file coords.cif (mmCIF, C-alpha atoms)
data_model
#
loop_
_atom_site.label_atom_id
_atom_site.label_comp_id
_atom_site.auth_asym_id
_atom_site.auth_seq_id
_atom_site.Cartn_x
_atom_site.Cartn_y
_atom_site.Cartn_z
CA MET A 1 -33.17 -13.13 -0.26
CA SER A 2 -36.73 -12.17 -1.15
CA GLY A 3 -38.32 -12.97 -4.50
CA GLN A 4 -38.01 -9.31 -5.49
CA GLN A 5 -34.30 -9.29 -4.59
CA ARG A 6 -33.70 -12.48 -6.59
CA ALA A 7 -35.45 -10.99 -9.62
CA GLY A 8 -33.33 -7.87 -9.32
CA ALA A 9 -30.14 -9.94 -9.13
CA PHE A 10 -30.97 -11.73 -12.37
CA GLU A 11 -31.96 -8.53 -14.12
CA SER A 12 -28.58 -7.00 -13.26
CA GLY A 13 -26.71 -10.17 -14.20
CA ALA A 14 -25.23 -10.48 -10.70
CA ALA A 15 -26.57 -14.01 -10.19
CA LEU A 16 -24.98 -15.05 -13.49
CA GLN A 17 -21.48 -13.84 -12.65
CA ARG A 18 -19.03 -16.66 -12.01
CA ASP A 19 -15.30 -17.36 -12.17
CA PHE A 20 -14.63 -20.30 -14.54
CA LYS A 21 -10.94 -20.69 -13.79
CA ASP A 22 -9.91 -24.37 -14.09
CA VAL A 23 -13.47 -25.56 -14.72
CA ARG A 24 -13.20 -28.62 -16.94
CA VAL A 25 -15.36 -28.65 -20.06
CA ALA A 26 -15.67 -31.33 -22.74
CA TRP A 27 -15.29 -30.06 -26.31
CA CYS A 28 -17.20 -32.36 -28.65
CA PRO A 29 -18.85 -30.44 -31.54
CA ASP A 30 -20.08 -33.55 -33.39
CA LEU A 31 -20.93 -35.63 -30.30
CA GLY A 32 -18.48 -38.30 -31.31
CA GLY A 33 -19.02 -38.68 -35.03
CA LEU A 34 -22.33 -37.22 -36.17
CA PRO A 35 -22.14 -35.79 -39.72
CA LEU A 36 -21.54 -32.06 -39.41
CA ASP A 37 -21.74 -29.45 -42.14
CA PRO A 38 -18.23 -27.94 -42.43
CA ARG A 39 -19.70 -24.44 -42.23
CA VAL A 40 -21.04 -25.28 -38.77
CA GLY A 41 -17.77 -26.89 -37.73
CA ALA A 42 -15.73 -23.89 -38.86
CA VAL A 43 -17.79 -21.46 -36.79
CA LEU A 44 -17.63 -23.64 -33.69
CA ASP A 45 -13.90 -24.29 -34.01
CA ARG A 46 -13.25 -20.56 -33.76
CA GLN A 47 -14.98 -20.48 -30.38
CA ARG A 48 -13.02 -23.24 -28.67
CA ARG A 49 -10.41 -20.75 -27.50
CA THR A 50 -13.12 -18.48 -26.03
CA PHE A 51 -13.68 -21.00 -23.25
CA GLY A 52 -9.95 -21.18 -22.66
CA ASP A 53 -9.89 -17.39 -22.40
CA LEU A 54 -12.65 -17.65 -19.79
CA GLY A 55 -10.31 -19.82 -17.72
CA CYS A 56 -11.81 -23.22 -18.55
CA ARG A 57 -9.74 -26.35 -19.06
CA VAL A 58 -10.99 -27.55 -22.45
CA ASP A 59 -10.62 -31.28 -23.17
CA ASP A 60 -11.34 -33.04 -26.47
CA VAL A 61 -13.55 -35.79 -25.11
CA CYS A 62 -17.10 -37.07 -25.73
CA PRO A 63 -19.54 -39.08 -23.64
CA ASP A 64 -20.86 -42.40 -24.92
CA LEU A 65 -24.18 -41.44 -26.49
CA ASP A 66 -24.49 -44.21 -29.08
CA ALA A 67 -27.53 -45.71 -27.37
CA ALA A 68 -29.34 -42.36 -27.20
CA ASP A 69 -30.65 -42.62 -30.75
CA LYS A 70 -32.62 -45.85 -30.36
CA ILE A 71 -33.74 -44.92 -26.84
CA PHE A 72 -35.20 -41.61 -27.98
CA LEU A 73 -36.80 -42.95 -31.15
CA ASP A 74 -38.40 -46.00 -29.55
CA ILE A 75 -39.90 -44.00 -26.70
CA ARG A 76 -41.02 -41.21 -29.04
CA ARG A 77 -42.63 -43.63 -31.50
CA TRP A 78 -44.34 -45.52 -28.71
CA MET A 79 -45.79 -42.31 -27.27
CA SER A 80 -46.83 -41.12 -30.73
CA SER A 81 -48.70 -44.36 -31.41
CA TYR A 82 -50.45 -44.13 -28.04
CA THR A 83 -51.33 -40.44 -28.32
CA HIS A 84 -52.08 -40.09 -32.02
CA GLY A 85 -52.85 -43.65 -33.12
CA PRO A 86 -56.65 -43.11 -33.26
CA LEU A 87 -56.12 -40.31 -35.79
CA LEU A 88 -54.97 -42.82 -38.39
CA GLU A 89 -58.47 -44.24 -38.62
CA THR A 90 -60.33 -40.93 -38.63
CA HIS A 91 -57.99 -38.41 -40.27
CA ARG A 92 -55.30 -40.37 -42.06
CA GLU A 93 -55.58 -38.26 -45.22
CA GLN A 94 -54.80 -35.12 -43.21
CA LEU A 95 -51.64 -36.45 -41.56
CA LYS A 96 -48.14 -35.85 -42.88
CA PRO A 97 -46.29 -38.95 -44.14
CA GLU A 98 -43.75 -38.49 -41.33
CA ALA A 99 -46.50 -38.60 -38.71
CA ILE A 100 -48.03 -41.73 -40.23
CA TRP A 101 -44.61 -43.40 -40.30
CA GLU A 102 -43.98 -42.53 -36.66
CA ILE A 103 -47.34 -43.76 -35.46
CA GLU A 104 -47.17 -47.01 -37.41
CA THR A 105 -43.61 -47.84 -36.39
CA GLY A 106 -44.55 -47.08 -32.79
CA SER A 107 -47.55 -49.41 -33.00
CA ALA A 108 -45.25 -52.21 -34.13
CA LEU A 109 -43.14 -51.98 -30.96
CA SER A 110 -43.64 -54.73 -28.42
CA ALA A 111 -43.83 -54.34 -24.65
CA ARG A 112 -40.35 -55.88 -24.53
CA ASP A 113 -39.05 -53.22 -26.94
CA VAL A 114 -40.39 -50.43 -24.76
CA ALA A 115 -39.09 -52.02 -21.56
CA ALA A 116 -35.65 -52.34 -23.14
CA ALA A 117 -35.68 -48.68 -24.17
CA LEU A 118 -36.55 -47.61 -20.63
CA ALA A 119 -33.87 -49.85 -19.12
CA HIS A 120 -31.22 -48.59 -21.54
CA HIS A 121 -32.29 -45.04 -20.78
CA GLY A 122 -31.48 -45.58 -17.12
CA GLU A 123 -28.04 -46.90 -18.08
CA LEU A 124 -27.44 -43.86 -20.30
CA LEU A 125 -28.33 -41.47 -17.49
CA GLU A 126 -25.86 -43.24 -15.22
CA ARG A 127 -23.08 -42.98 -17.83
CA MET A 128 -23.75 -39.27 -18.23
CA SER A 129 -23.65 -38.79 -14.47
CA ARG A 130 -20.21 -40.42 -14.33
CA PHE A 131 -19.04 -38.33 -17.31
CA HIS A 132 -20.04 -35.11 -15.58
CA GLU A 133 -18.04 -36.08 -12.50
CA GLN A 134 -14.94 -35.23 -14.55
CA HIS A 135 -16.34 -32.56 -16.87
CA GLU A 136 -18.82 -30.04 -15.54
CA TYR A 137 -19.95 -29.05 -19.03
CA LEU A 138 -20.27 -30.59 -22.47
CA LEU A 139 -19.98 -28.23 -25.46
CA CYS A 140 -21.38 -29.29 -28.83
CA THR A 141 -23.29 -28.05 -31.85
CA VAL A 142 -26.96 -27.18 -31.68
CA ASN A 143 -27.76 -28.16 -35.27
CA GLN A 144 -25.69 -30.22 -37.66
CA VAL A 145 -26.54 -27.95 -40.58
CA PRO A 146 -26.93 -24.18 -40.98
CA PRO A 147 -30.45 -22.74 -41.43
CA PHE A 148 -31.98 -23.92 -44.72
CA ASP A 149 -34.72 -22.81 -47.08
CA ALA A 150 -38.19 -23.09 -45.56
CA ALA A 151 -39.36 -24.84 -48.72
CA ILE A 152 -37.21 -27.85 -47.78
CA ALA A 153 -39.12 -30.24 -45.52
CA TRP A 154 -35.93 -31.51 -43.92
CA PRO A 155 -32.32 -32.14 -45.03
CA ASP A 156 -32.02 -35.60 -46.58
CA GLU A 157 -28.23 -35.72 -46.25
CA ILE A 158 -25.35 -34.10 -44.42
CA GLU A 159 -21.88 -34.31 -45.93
CA GLY A 160 -22.91 -37.25 -48.12
CA VAL A 161 -24.50 -39.16 -45.23
CA GLY A 162 -28.17 -39.92 -45.89
CA MET A 163 -30.68 -39.04 -43.20
CA GLU A 164 -32.71 -42.15 -42.46
CA HIS A 165 -35.77 -40.32 -41.14
CA TYR A 166 -37.21 -36.83 -40.82
CA ILE A 167 -35.49 -35.90 -37.54
CA ALA A 168 -32.12 -37.57 -38.19
CA TRP A 169 -30.59 -34.20 -38.98
CA MET A 170 -31.39 -33.12 -35.40
CA LYS A 171 -29.58 -35.90 -33.55
CA SER A 172 -27.30 -33.31 -31.98
CA THR A 173 -30.31 -31.93 -30.12
CA TYR A 174 -32.43 -34.98 -29.34
CA TRP A 175 -29.46 -37.01 -28.14
CA ILE A 176 -28.91 -34.30 -25.55
CA SER A 177 -32.64 -34.24 -24.72
CA THR A 178 -32.38 -37.95 -23.98
CA THR A 179 -29.78 -37.28 -21.26
CA ARG A 180 -32.28 -35.07 -19.39
CA ALA A 181 -29.45 -32.63 -18.77
CA PRO A 182 -30.04 -28.88 -18.83
CA ALA A 183 -28.88 -27.40 -22.13
CA LEU A 184 -28.66 -23.88 -23.51
CA SER A 185 -28.27 -22.70 -27.09
CA VAL A 186 -26.09 -19.60 -27.44
CA PRO A 187 -25.14 -17.67 -30.61
CA ALA A 188 -21.67 -18.82 -31.69
CA GLY A 189 -21.13 -16.82 -34.86
CA PHE A 190 -22.06 -16.76 -38.51
CA THR A 191 -21.20 -18.59 -41.70
CA ASP A 192 -19.64 -16.73 -44.62
CA GLU A 193 -23.19 -16.32 -45.96
CA GLY A 194 -24.27 -14.65 -42.73
CA LEU A 195 -26.26 -17.62 -41.39
CA PRO A 196 -26.35 -17.92 -37.58
CA ILE A 197 -24.79 -20.94 -35.87
CA GLY A 198 -25.49 -22.01 -32.30
CA LEU A 199 -23.38 -23.66 -29.63
CA GLN A 200 -24.99 -26.01 -27.13
CA ILE A 201 -23.88 -25.81 -23.50
CA VAL A 202 -24.87 -28.93 -21.56
CA GLY A 203 -24.54 -29.13 -17.79
CA ARG A 204 -24.98 -31.58 -14.98
CA ARG A 205 -28.52 -32.69 -14.23
CA GLY A 206 -30.13 -30.16 -11.93
CA ASP A 207 -27.51 -27.47 -12.54
CA ASP A 208 -29.61 -25.15 -14.66
CA LEU A 209 -28.02 -22.10 -13.04
CA GLY A 210 -24.52 -23.30 -13.91
CA VAL A 211 -25.52 -23.63 -17.57
CA LEU A 212 -26.95 -20.12 -17.57
CA GLN A 213 -23.78 -18.79 -15.95
CA LEU A 214 -21.48 -20.27 -18.58
CA GLY A 215 -23.82 -19.14 -21.34
CA TYR A 216 -23.83 -15.64 -19.91
CA ALA A 217 -20.02 -15.56 -19.72
CA PHE A 218 -19.75 -16.76 -23.32
CA GLU A 219 -22.24 -14.22 -24.61
CA GLN A 220 -20.52 -11.39 -22.76
CA ALA A 221 -17.20 -12.46 -24.26
CA THR A 222 -18.40 -12.79 -27.85
CA GLY A 223 -21.36 -10.43 -28.29
CA PHE A 224 -22.87 -12.45 -31.15
CA GLY A 225 -26.32 -12.24 -29.59
CA ARG A 226 -26.36 -8.49 -30.18
CA ARG A 227 -26.01 -8.85 -33.95
CA ARG A 228 -29.25 -8.74 -35.93
CA PRO A 229 -29.75 -9.97 -39.50
CA THR A 230 -30.71 -7.64 -42.31
CA ILE A 231 -34.25 -8.32 -43.46
CA ASP A 232 -35.07 -7.78 -47.13
CA ILE A 233 -38.72 -6.88 -47.63
CA ALA A 234 -40.10 -7.68 -51.06
CA ASP A 235 -41.96 -4.97 -52.92
#

call {"tool": "encode", "arguments": {"input": "coords.cif", "output": "C-alpha cells"}}
result
Amino acid sequence: MSGQQRAGAFESGAALQRDFKDVRVAWCPDLGGLPLDPRVGAVLDRQRRTFGDLGCRVDDVCPDLDAADKIFLDIRRWMSSYTHGPLLETHREQLKPEAIWEIETGSALSARDVAAALAHHGELLERMSRFHEQHEYLLCTVNQVPPFDAAIAWPDEIEGVGMEHYIAWMKSTYWISTTRAPALSVPAGFTDEGLPIGLQIVGRRGDDLGVLQLGYAFEQATGFGRRRPTIDIAD
C-alpha cells in the first residue's frame, strides 16, 4: 500500500475498523486505589458496559503500579535538577515554588537513588508486559478530578486525601506514562454540571494502532466527542 493509500484508509476510518469480540480488557478506573472524585467515577462507571457491547470481555483487575510513583518522581526530579539547576542561581526569583522544590529535591538525589529508580523502572516494564499477556487493554481514568477553576494552581486534596505535591492529582496519567505504553484519552461523558470527563485506553507497548482502533470503536459507539460546550462570552 502506498503512502497515499494509507492516508486515504485512515481518513475513511477503514484502518481503524476492528472486531473486538472476546478481546480481554482490564477495567480499573482508579488504578488500584488512587483517590477519585465521585463525579469522575460515576461517568466512567456508565461506560463499562459500552466495552461489553463492543464484544470485549471486561475484567475488574489492575496491574501492580505501586512503584510507578517513586520511579517517575525520582527520574523527573533528577532530570529537572540537571536541566534547570543553573537557573536557581541566576533566576531564582522568577521561578515558581513548585519548580524550585523539584530542582532542589532532584539535586539531593544520590547516584544510588537514580540507579535504583532506573532498575525499578525496568522491573515495572516487565510486570506490565506480563499483565498485557492476559489483557490487551487497560481502561482507567484520565484525570482524578473534573476540570477546575483556572484560578486554582492545583487541587490540594481529592476526596479528603491530601495531595503531597503539585502533580499528585495527576498520578492517573503519569503512572501510565511511566509504563511507556501507548495511551489515548477519549471523551467518556459529562458530569451533572456539564464538565467533560475522559477515559484512558492503554495498550501493549508498540501497539499504537490497536489503541487507536479501540478508541475509534468507543467514540463511534458513544458520540461524546461530537458534543461541544456552550461558551458564555462576557459583555

call {"tool": "resolve_selection", "arguments": {"input": "coords.cif", "expression": "the PyMOL selection byres ((chain A and resi 52-66) around 10)", "output": "count of residues only"}}
result
45

call {"tool": "closest_residue", "arguments": {"input": "coords.cif", "among": "A:Ser80, A:Gly194, A:Leu88, A:Ser107", "to": "Pro146 of chain A", "atoms": "only C-alpha atoms"}}
result
A:Gly194

call {"tool": "resolve_selection", "arguments": {"input": "coords.cif", "expression": "the PyMOL selection byres ((chain A and resi 149-160) around 7)", "output": "NGL selection string"}}
result
:A and (35-37 or 148 or 161-163 or 166 or 169)

call {"tool": "atom_distance", "arguments": {"input": "coords.cif", "atom1": "atom CA of Asn143 of chain A", "atom2": "atom CA of Gln94 of chain A"}}
result
29.0 Å

call {"tool": "residues_around", "arguments": {"input": "coords.cif", "residues": "Asp192 of chain A", "least_positions_apart": "2", "cutoff": "12 Å", "atoms": "only C-alpha atoms", "output": "list in words"}}
result
Pro38, Arg39, Val40, Ala42, Val43, Pro146, Gly189, Phe190, Gly194, Leu195, Pro196 and Ile197 of chain A

call {"tool": "atom_distance", "arguments": {"input": "coords.cif", "atom1": "atom CA of Arg77 of chain A", "atom2": "atom CA of Ile100 of chain A"}}
result
10.4 Å

call {"tool": "atom_distance", "arguments": {"input": "coords.cif", "atom1": "atom CA of Leu95 of chain A", "atom2": "atom CA of Ala108 of chain A"}}
result
18.6 Å

call {"tool": "residues_around", "arguments": {"input": "coords.cif", "residues": "Arg205 of chain A", "least_positions_apart": "3", "cutoff": "8 Å", "atoms": "all atoms listed in the file", "output": "list in words"}}
result
Ser129, Arg180, Ala181, Pro182 and Asp208 of chain A

call {"tool": "write_last_selection", "arguments": {"input": "coords.cif", "atoms": "C-alpha atoms", "output": "JSON list (two decimals), in the coordinates of the input"}}
result
[["chain", "number", "residue", "atom", "x", "y", "z"],
["A", 129, "SER", "CA", -23.65, -38.79, -14.47],
["A", 180, "ARG", "CA", -32.28, -35.07, -19.39],
["A", 181, "ALA", "CA", -29.45, -32.63, -18.77],
["A", 182, "PRO", "CA", -30.04, -28.88, -18.83],
["A", 208, "ASP", "CA", -29.61, -25.15, -14.66]]

call {"tool": "residues_around", "arguments": {"input": "coords.cif", "residues": "Gly198 of chain A", "least_positions_apart": "5", "cutoff": "7 Å", "atoms": "only C-alpha atoms", "output": "number ranges by chain"}}
result
A: 141-142, 185-188

call {"tool": "closest_residue", "arguments": {"input": "coords.cif", "among": "A:Gly215, A:Gly223, A:Gly203, A:Gly210", "to": "Glu133 of chain A", "atoms": "all atoms listed in the file"}}
result
A:Gly203

call {"tool": "residues_around", "arguments": {"input": "coords.cif", "residues": "Glu104 of chain A", "least_positions_apart": "5", "cutoff": "12 Å", "atoms": "all atoms listed in the file", "output": "NGL selection string"}}
result
:A and (74 or 76-89 or 92 or 97-99 or 109)

call {"tool": "resolve_selection", "arguments": {"input": "coords.cif", "expression": "the PyMOL selection byres ((chain A and resi 183) around 6)", "output": "list of chain:residue names"}}
result
A:Pro182, A:Leu184, A:Ile201, A:Val202

call {"tool": "closest_residue", "arguments": {"input": "coords.cif", "among": "A:Ile75, A:Glu219, A:Arg18, A:Thr90", "to": "His120 of chain A", "atoms": "all atoms listed in the file"}}
result
A:Ile75
